[in-house]
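Notes for the one structure printed next.
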6 protein chains.
Amino acid sequence: MIFITKKLEFCASHRLYNPEFSDEKNQATFGLCNNPNGHGHNYTLEVTVCGEVVEDTGMVLDLKALKGLVQNEVIDKVDHKNLNVDVSFLTGIIPTAENLAIKFWDLLEPRIQGGRLYQIKLFESDRNFVIYRGENCEGLD
Amino acid sequence: MIFITKKLEFCASHRLYNPEFSDEKNQATFGLCNNPNGHGHNYTLEVTVCGEVVEDTGMVLDLKALKGLVQNEVIDKVDHKNLNVDVSFLTGIIPTAENLAIKFWDLLEPRIQGGRLYQIKLFESDRNFVIYRGENCEGLD
Amino acid sequence: MIFITKKLEFCASHRLYNPEFSDEKNQATFGLCNNPNGHGHNYTLEVTVCGEVVEDTGMVLDLKALKGLVQNEVIDKVDHKNLNVDVSFLTGIIPTAENLAIKFWDLLEPRIQGGRLYQIKLFESDRNFVIYRGENCEGLD
Amino acid sequence: MIFITKKLEFCASHRLYNPEFSDEKNQATFGLCNNPNGHGHNYTLEVTVCGEVVEDTGMVLDLKALKGLVQNEVIDKVDHKNLNVDVSFLTGIIPTAENLAIKFWDLLEPRIQGGRLYQIKLFESDRNFVIYRGENCEGLD
Amino acid sequence: MIFITKKLEFCASHRLYNPEFSDEKNQATFGLCNNPNGHGHNYTLEVTVCGEVVEDTGMVLDLKALKGLVQNEVIDKVDHKNLNVDVSFLTGIIPTAENLAIKFWDLLEPRIQGGRLYQIKLFESDRNFVIYRGENCEGLD
Amino acid sequence: MIFITKKLEFCASHRLYNPEFSDEKNQATFGLCNNPNGHGHNYTLEVTVCGEVVEDTGMVLDLKALKGLVQNEVIDKVDHKNLNVDVSFLTGIIPTAENLAIKFWDLLEPRIQGGRLYQIKLFESDRNFVIYRGENCEGLD
């Protein structure tokens, strides 16, 4: 088994707040990220698939196809967007890095061909990033 | 003469559009950056000062003081902000990287102590960046 | 379960040697790192916590609180320090990257709130780094 | 147990094709990478070894020795080379990143001293990389 | 005047040799880069244009148009190619980083709209790069 | 004219203080960098030479020779060293980045063959760096 990763980027704006919280609680919980007019990031997304190497190609899967899938299903929907209002699959969700990673997993996992999705790694900045490996990973790593 | 640079970061959202343009012209001019609800970036700012080395310190200037100045005058005003609406010194200005760099220069240039401001370098992403050296640099470099 | 990482940096000096070794054995074991007057590094520390996403915040934990904890418990004690003589929790320990990572784990693991410490990753340089996941990780990964 | 990683680099050219495929199938399978005259990359190789910290050195193993081993067994054989024709241990193998990682594992795994090889991570570019952990890792991570 | 830079990447193979040199002289001159079957790199190209900021757009020029120009005129012609045999504008030229930068300048300089080409910066690796500013820059910088 | 740059790295420790200053003045001037037992950095050094491209090699100069020169004259003397006490050419000098850059220039400038030294760029960290272009550069750039 081998793990292969494709890195892509997008830029987007967001505001972190829970509409059911008071203003004070939103500020205490989300701090600077609660700025009412939002802020933004250059996000980096690393999608890792695992599988066996196919002998007559030397590859786990067609990396161009994987790139196209991630581009179509994720990047084109979030790039240069406001994550609170422009993205249908994020409606009603607080657009933290954690929630983005989980939603990206849910979108991509059933569509990967030639391997299975192993990991979503999402950098909100060089200094903050999250990893999600699906619901069944607990206890393994 | 020596050049000394301090790098800092901030994240912000913006939308590029000219209120005097039609929607069509805004779209044609600014493309993805014209998304009505905005998008955002992790910006990297490099401030370069030039001057003589002071013999009994071995330094051009106090780099902590320079960092504090840039933090107070620029970073605290734009970090986790919406550049179209939250920043008083950007009122009425299209918040392109070019315009940000010029405004940061105008804010910092008169306040530098122990040298003179040589260059503002602003990265909107790893792939796009601008440099501004003030109005008098033309023809020198 | 999701994994969230905060990256911080510090710079420090150290000398690698074992006072019970002869000079020759210290030199053979530690090479350039045995220079009697020491040398130094810009270290990068990545602290990874894992936990469930809290539904009404969309976060595993308060990343600002995590950053504050690592800053107070680790960074402030080692930054701009000589690791052989200035740091009480390193007394009597050879300050290799391996030992630093273990000591940082021991300091942070009982203090993490809102998740559990999963991993300490410490870069001594861009080319050398270590990972520690505690004593109970063996056989898992 | 601790994980220690050494990063090294090499540059090489390759062409991806299977001599048993038709030209059309090679083109469909490998795309741009099938250019008959080849292309190339700056590869980055990260070799990770795991083991216990030896108490009187504070180290898992001698990192200089690990670097020397990887340099001799891998880097010197592939650096500034054409991977399709210049490297004896790659004869008859399509030089994809996946196959390179497996071959590097096979070369290094029996030769590591003072720990066991945990992982080979090979970057073909900043945007594409593979990880291999040997044949026995399946199901663990 | 402001300077705006677009960064793009390509990967290619090359061999450095002069057909008029003896094998010995080629080896002495080009060393590892003279490997008969070639080697390769991930190149990074930074194209810098300078000009005045246009007031009603806040931009020097349309960065998408600049990207499209560099993509069409340079990247598409050299990406995933062998620079010794696949690129018509390099025929008869030793494909060093120096010569590539000069040729890229010659291709792009007359085609830039909305500013003038200021600089070509070409990284052959993270550790080696060249800068070219045209024939008239001497003595200025 | 073309500019060619070679990047190398070293790690070292230092303490910033002026023995003619009082303890209080040293602390006020140098802050954390005045820690009596020192601290350290991974330094990155970029040496830029400019010259004409030699037609029958396509190169300004032999980059291996440049690398060897910088390695011998600079890196081997400062790598894994204490800059306050281990380096003869720094005796009596406060080892700030500014002073290091000037001393490296003075060592290298007369020894460059096949071009002339244009610039020394020294990174003390990713966030702080200095540039020196010799005594005659003033007013040019």
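Labels used: A, B, ... for chains in the order of the structure tokens, numbers from 1 for residues in each chain, and numbers from 1 for ligands as shown.
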Per DSSP on the backbone, what are the strand (DSSP E or B) residues of range 38-104 of chain F, as a PDB file with all heavy atoms, in the first residue's frame?
```
ATOM      1  N   HIS F  39      22.301  32.272  22.429  1.00  0.00           N
ATOM      2  CA  HIS F  39      21.212  31.565  21.754  1.00  0.00           C
ATOM      3  C   HIS F  39      21.733  31.268  20.347  1.00  0.00           C
ATOM      4  O   HIS F  39      22.933  31.382  20.113  1.00  0.00           O
ATOM      5  CB  HIS F  39      19.945  32.429  21.744  1.00  0.00           C
ATOM      6  CG  HIS F  39      20.082  33.680  20.972  1.00  0.00           C
ATOM      7  ND1 HIS F  39      20.820  34.761  21.412  1.00  0.00           N
ATOM      8  CD2 HIS F  39      19.624  34.034  19.743  1.00  0.00           C
ATOM      9  CE1 HIS F  39      20.791  35.725  20.522  1.00  0.00           C
ATOM     10  NE2 HIS F  39      20.074  35.310  19.488  1.00  0.00           N
ATOM     11  N   GLY F  40      20.889  30.871  19.411  1.00  0.00           N
ATOM     12  CA  GLY F  40      21.442  30.522  18.099  1.00  0.00           C
ATOM     13  C   GLY F  40      20.419  30.541  16.992  1.00  0.00           C
ATOM     14  O   GLY F  40      19.230  30.793  17.222  1.00  0.00           O
ATOM     15  N   HIS F  41      20.911  30.301  15.794  1.00  0.00           N
ATOM     16  CA  HIS F  41      20.062  30.371  14.599  1.00  0.00           C
ATOM     17  C   HIS F  41      20.526  29.356  13.543  1.00  0.00           C
ATOM     18  O   HIS F  41      21.694  28.980  13.505  1.00  0.00           O
ATOM     19  CB  HIS F  41      20.146  31.767  13.955  1.00  0.00           C
ATOM     20  CG  HIS F  41      19.672  32.879  14.829  1.00  0.00           C
ATOM     21  ND1 HIS F  41      18.358  33.048  15.144  1.00  0.00           N
ATOM     22  CD2 HIS F  41      20.343  33.880  15.462  1.00  0.00           C
ATOM     23  CE1 HIS F  41      18.229  34.107  15.926  1.00  0.00           C
ATOM     24  NE2 HIS F  41      19.417  34.625  16.148  1.00  0.00           N
ATOM     25  N   ASN F  42      19.593  29.001  12.657  1.00  0.00           N
ATOM     26  CA  ASN F  42      19.944  28.441  11.359  1.00  0.00           C
ATOM     27  C   ASN F  42      20.010  29.622  10.383  1.00  0.00           C
ATOM     28  O   ASN F  42      18.978  30.197  10.044  1.00  0.00           O
ATOM     29  CB  ASN F  42      18.872  27.457  10.868  1.00  0.00           C
ATOM     30  CG  ASN F  42      18.659  26.301  11.829  1.00  0.00           C
ATOM     31  OD1 ASN F  42      19.595  25.815  12.462  1.00  0.00           O
ATOM     32  ND2 ASN F  42      17.418  25.860  11.953  1.00  0.00           N
ATOM     33  N   TYR F  43      21.184  29.968   9.973  1.00  0.00           N
ATOM     34  CA  TYR F  43      21.363  31.071   9.028  1.00  0.00           C
ATOM     35  C   TYR F  43      21.283  30.557   7.586  1.00  0.00           C
ATOM     36  O   TYR F  43      21.743  29.453   7.297  1.00  0.00           O
ATOM     37  CB  TYR F  43      22.736  31.712   9.223  1.00  0.00           C
ATOM     38  CG  TYR F  43      22.933  32.477  10.504  1.00  0.00           C
ATOM     39  CD1 TYR F  43      23.371  31.843  11.669  1.00  0.00           C
ATOM     40  CD2 TYR F  43      22.714  33.854  10.558  1.00  0.00           C
ATOM     41  CE1 TYR F  43      23.576  32.546  12.845  1.00  0.00           C
ATOM     42  CE2 TYR F  43      22.930  34.574  11.735  1.00  0.00           C
ATOM     43  CZ  TYR F  43      23.361  33.914  12.873  1.00  0.00           C
ATOM     44  OH  TYR F  43      23.564  34.609  14.040  1.00  0.00           O
ATOM     45  N   THR F  44      20.727  31.398   6.712  1.00  0.00           N
ATOM     46  CA  THR F  44      20.762  31.114   5.276  1.00  0.00           C
ATOM     47  C   THR F  44      21.517  32.244   4.597  1.00  0.00           C
ATOM     48  O   THR F  44      21.219  33.420   4.829  1.00  0.00           O
ATOM     49  CB  THR F  44      19.331  31.025   4.709  1.00  0.00           C
ATOM     50  OG1 THR F  44      18.648  29.962   5.374  1.00  0.00           O
ATOM     51  CG2 THR F  44      19.360  30.738   3.220  1.00  0.00           C
ATOM     52  N   LEU F  45      22.482  31.858   3.778  1.00  0.00           N
ATOM     53  CA  LEU F  45      23.339  32.833   3.100  1.00  0.00           C
ATOM     54  C   LEU F  45      23.142  32.720   1.597  1.00  0.00           C
ATOM     55  O   LEU F  45      23.278  31.638   1.032  1.00  0.00           O
ATOM     56  CB  LEU F  45      24.808  32.532   3.463  1.00  0.00           C
ATOM     57  CG  LEU F  45      25.884  33.312   2.713  1.00  0.00           C
ATOM     58  CD1 LEU F  45      25.782  34.803   2.964  1.00  0.00           C
ATOM     59  CD2 LEU F  45      27.268  32.781   3.096  1.00  0.00           C
ATOM     60  N   GLU F  46      22.789  33.828   0.967  1.00  0.00           N
ATOM     61  CA  GLU F  46      22.681  33.864  -0.495  1.00  0.00           C
ATOM     62  C   GLU F  46      23.754  34.797  -1.041  1.00  0.00           C
ATOM     63  O   GLU F  46      23.761  35.994  -0.732  1.00  0.00           O
ATOM     64  CB  GLU F  46      21.290  34.343  -0.935  1.00  0.00           C
ATOM     65  CG  GLU F  46      20.186  33.354  -0.574  1.00  0.00           C
ATOM     66  CD  GLU F  46      18.810  33.766  -1.058  1.00  0.00           C
ATOM     67  OE1 GLU F  46      18.679  34.865  -1.637  1.00  0.00           O
ATOM     68  OE2 GLU F  46      17.852  32.995  -0.852  1.00  0.00           O
ATOM     69  N   VAL F  47      24.638  34.235  -1.853  1.00  0.00           N
ATOM     70  CA  VAL F  47      25.733  34.994  -2.446  1.00  0.00           C
ATOM     71  C   VAL F  47      25.407  35.227  -3.923  1.00  0.00           C
ATOM     72  O   VAL F  47      25.218  34.268  -4.670  1.00  0.00           O
ATOM     73  CB  VAL F  47      27.055  34.223  -2.310  1.00  0.00           C
ATOM     74  CG1 VAL F  47      28.189  34.961  -3.025  1.00  0.00           C
ATOM     75  CG2 VAL F  47      27.386  33.988  -0.846  1.00  0.00           C
ATOM     76  N   THR F  48      25.323  36.502  -4.323  1.00  0.00           N
ATOM     77  CA  THR F  48      24.969  36.827  -5.711  1.00  0.00           C
ATOM     78  C   THR F  48      26.157  37.465  -6.422  1.00  0.00           C
ATOM     79  O   THR F  48      26.730  38.442  -5.935  1.00  0.00           O
ATOM     80  CB  THR F  48      23.776  37.800  -5.744  1.00  0.00           C
ATOM     81  OG1 THR F  48      22.669  37.195  -5.085  1.00  0.00           O
ATOM     82  CG2 THR F  48      23.380  38.131  -7.181  1.00  0.00           C
ATOM     83  N   VAL F  49      26.481  36.882  -7.568  1.00  0.00           N
ATOM     84  CA  VAL F  49      27.563  37.386  -8.414  1.00  0.00           C
ATOM     85  C   VAL F  49      26.939  37.884  -9.709  1.00  0.00           C
ATOM     86  O   VAL F  49      25.975  37.298 -10.198  1.00  0.00           O
ATOM     87  CB  VAL F  49      28.578  36.257  -8.698  1.00  0.00           C
ATOM     88  CG1 VAL F  49      29.625  36.692  -9.710  1.00  0.00           C
ATOM     89  CG2 VAL F  49      29.226  35.801  -7.400  1.00  0.00           C
ATOM     90  N   CYS F  50      27.483  38.950 -10.287  1.00  0.00           N
ATOM     91  CA  CYS F  50      26.981  39.395 -11.593  1.00  0.00           C
ATOM     92  C   CYS F  50      28.107  39.374 -12.614  1.00  0.00           C
ATOM     93  O   CYS F  50      29.290  39.500 -12.278  1.00  0.00           O
ATOM     94  CB  CYS F  50      26.343  40.772 -11.508  1.00  0.00           C
ATOM     95  SG  CYS F  50      27.449  42.064 -10.985  1.00  0.00           S
ATOM     96  N   GLY F  51      27.737  39.187 -13.854  1.00  0.00           N
ATOM     97  CA  GLY F  51      28.726  39.160 -14.926  1.00  0.00           C
ATOM     98  C   GLY F  51      28.062  38.869 -16.253  1.00  0.00           C
ATOM     99  O   GLY F  51      26.850  38.661 -16.325  1.00  0.00           O
ATOM    100  N   VAL F  54      29.296  33.762 -20.547  1.00  0.00           N
ATOM    101  CA  VAL F  54      30.360  33.311 -21.453  1.00  0.00           C
ATOM    102  C   VAL F  54      29.715  32.466 -22.547  1.00  0.00           C
ATOM    103  O   VAL F  54      29.016  31.493 -22.262  1.00  0.00           O
ATOM    104  CB  VAL F  54      31.404  32.486 -20.671  1.00  0.00           C
ATOM    105  CG1 VAL F  54      32.480  31.958 -21.602  1.00  0.00           C
ATOM    106  CG2 VAL F  54      31.999  33.327 -19.533  1.00  0.00           C
ATOM    107  N   MET F  59      27.312  30.104 -19.220  1.00  0.00           N
ATOM    108  CA  MET F  59      27.323  30.384 -17.779  1.00  0.00           C
ATOM    109  C   MET F  59      28.122  31.657 -17.491  1.00  0.00           C
ATOM    110  O   MET F  59      29.054  31.993 -18.232  1.00  0.00           O
ATOM    111  CB  MET F  59      27.952  29.219 -17.013  1.00  0.00           C
ATOM    112  CG  MET F  59      27.259  27.875 -17.276  1.00  0.00           C
ATOM    113  SD  MET F  59      27.830  26.510 -16.213  1.00  0.00           S
ATOM    114  CE  MET F  59      29.545  26.346 -16.772  1.00  0.00           C
ATOM    115  N   LYS F  81      29.378  26.762  15.059  1.00  0.00           N
ATOM    116  CA  LYS F  81      30.327  27.522  15.872  1.00  0.00           C
ATOM    117  C   LYS F  81      29.588  28.538  16.747  1.00  0.00           C
ATOM    118  O   LYS F  81      28.425  28.848  16.532  1.00  0.00           O
ATOM    119  CB  LYS F  81      31.317  28.273  14.962  1.00  0.00           C
ATOM    120  CG  LYS F  81      32.254  27.350  14.192  1.00  0.00           C
ATOM    121  CD  LYS F  81      33.341  26.786  15.083  1.00  0.00           C
ATOM    122  CE  LYS F  81      34.079  25.588  14.500  1.00  0.00           C
ATOM    123  NZ  LYS F  81      34.338  25.623  13.086  1.00  0.00           N
ATOM    124  N   ASN F  82      30.332  29.034  17.734  1.00  0.00           N
ATOM    125  CA  ASN F  82      29.898  30.172  18.543  1.00  0.00           C
ATOM    126  C   ASN F  82      30.538  31.409  17.934  1.00  0.00           C
ATOM    127  O   ASN F  82      31.775  31.542  17.950  1.00  0.00           O
ATOM    128  CB  ASN F  82      30.341  29.950  19.999  1.00  0.00           C
ATOM    129  CG  ASN F  82      29.902  31.073  20.908  1.00  0.00           C
ATOM    130  OD1 ASN F  82      29.982  32.247  20.542  1.00  0.00           O
ATOM    131  ND2 ASN F  82      29.445  30.728  22.105  1.00  0.00           N
TER     132      ASN F  82
END
```
Hey, what's within 9 Å of range 72-78 of chain C if we count only C-alpha atoms and toss same-chain stuff fewer than 5 positions away? As a compact mmCIF listing (two decimals) with N, CA and C atoms, in the first residue's frame, please?
```txt
# COMPACT_ATOMS: atom_id res chain seq x y z
N LEU C 8 4.77 26.89 16.18
CA LEU C 8 5.46 28.03 16.78
C LEU C 8 6.97 27.86 16.57
N GLU C 9 7.72 28.90 16.84
CA GLU C 9 9.16 28.87 16.60
C GLU C 9 9.93 29.39 17.80
N PHE C 10 11.14 28.92 17.94
CA PHE C 10 12.03 29.54 18.92
C PHE C 10 13.46 29.37 18.42
N CYS C 11 14.37 30.16 18.94
CA CYS C 11 15.78 30.00 18.58
C CYS C 11 16.56 29.81 19.87
N ALA C 12 17.55 28.95 19.80
CA ALA C 12 18.30 28.59 21.00
C ALA C 12 19.66 28.04 20.61
N LYS C 67 -2.34 27.95 21.80
CA LYS C 67 -1.14 28.74 21.51
C LYS C 67 -0.59 29.36 22.80
N LEU C 83 20.26 25.96 25.82
CA LEU C 83 19.50 24.80 26.31
C LEU C 83 20.29 23.95 27.31
N ASP C 86 20.32 27.18 30.65
CA ASP C 86 19.30 28.18 31.03
C ASP C 86 17.92 27.61 31.34
N VAL C 87 17.70 26.31 31.11
CA VAL C 87 16.33 25.79 31.14
C VAL C 87 16.19 24.73 32.23
N SER C 88 15.42 25.06 33.26
CA SER C 88 15.40 24.17 34.43
C SER C 88 14.88 22.78 34.09
N PHE C 104 9.01 18.29 25.97
CA PHE C 104 7.89 19.17 25.63
C PHE C 104 6.57 18.39 25.78
N LEU C 107 5.66 18.14 29.42
CA LEU C 107 5.14 19.40 29.95
C LEU C 107 3.71 19.67 29.49
N LEU C 108 3.43 19.38 28.22
CA LEU C 108 2.16 19.80 27.64
C LEU C 108 1.04 18.79 27.85
```
For this session: Please identify every residue of chain B that has at least one atom no more than 8 Å from any atom of chain F, counting only C-alpha atoms, and report them as a ChimeraX atom specification.
Result: /B:1-8,53,56-60,62,140-141
Problem set entry | Members of range 2-89 of chain B assigned helix (DSSP H, G or I) by DSSP, as a PyMOL selection string | chain B and resi 23-34+63-78+88-89
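If you look at CA of Arg116 in chain B and CA of Ala65 in chain B, they are 13.8 Å away from each other.
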Problem set entry | For CA of Tyr118 in chain B and CA of Ile112 in chain E, the interatomic separation in Å (one decimal) | 26.8 Å
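Among the candidates E:Gln119, E:Asn34, E:Gln113, E:Asn84, the one nearest to Leu69 in chain E when counting only C-alpha atoms is E:Gln113.
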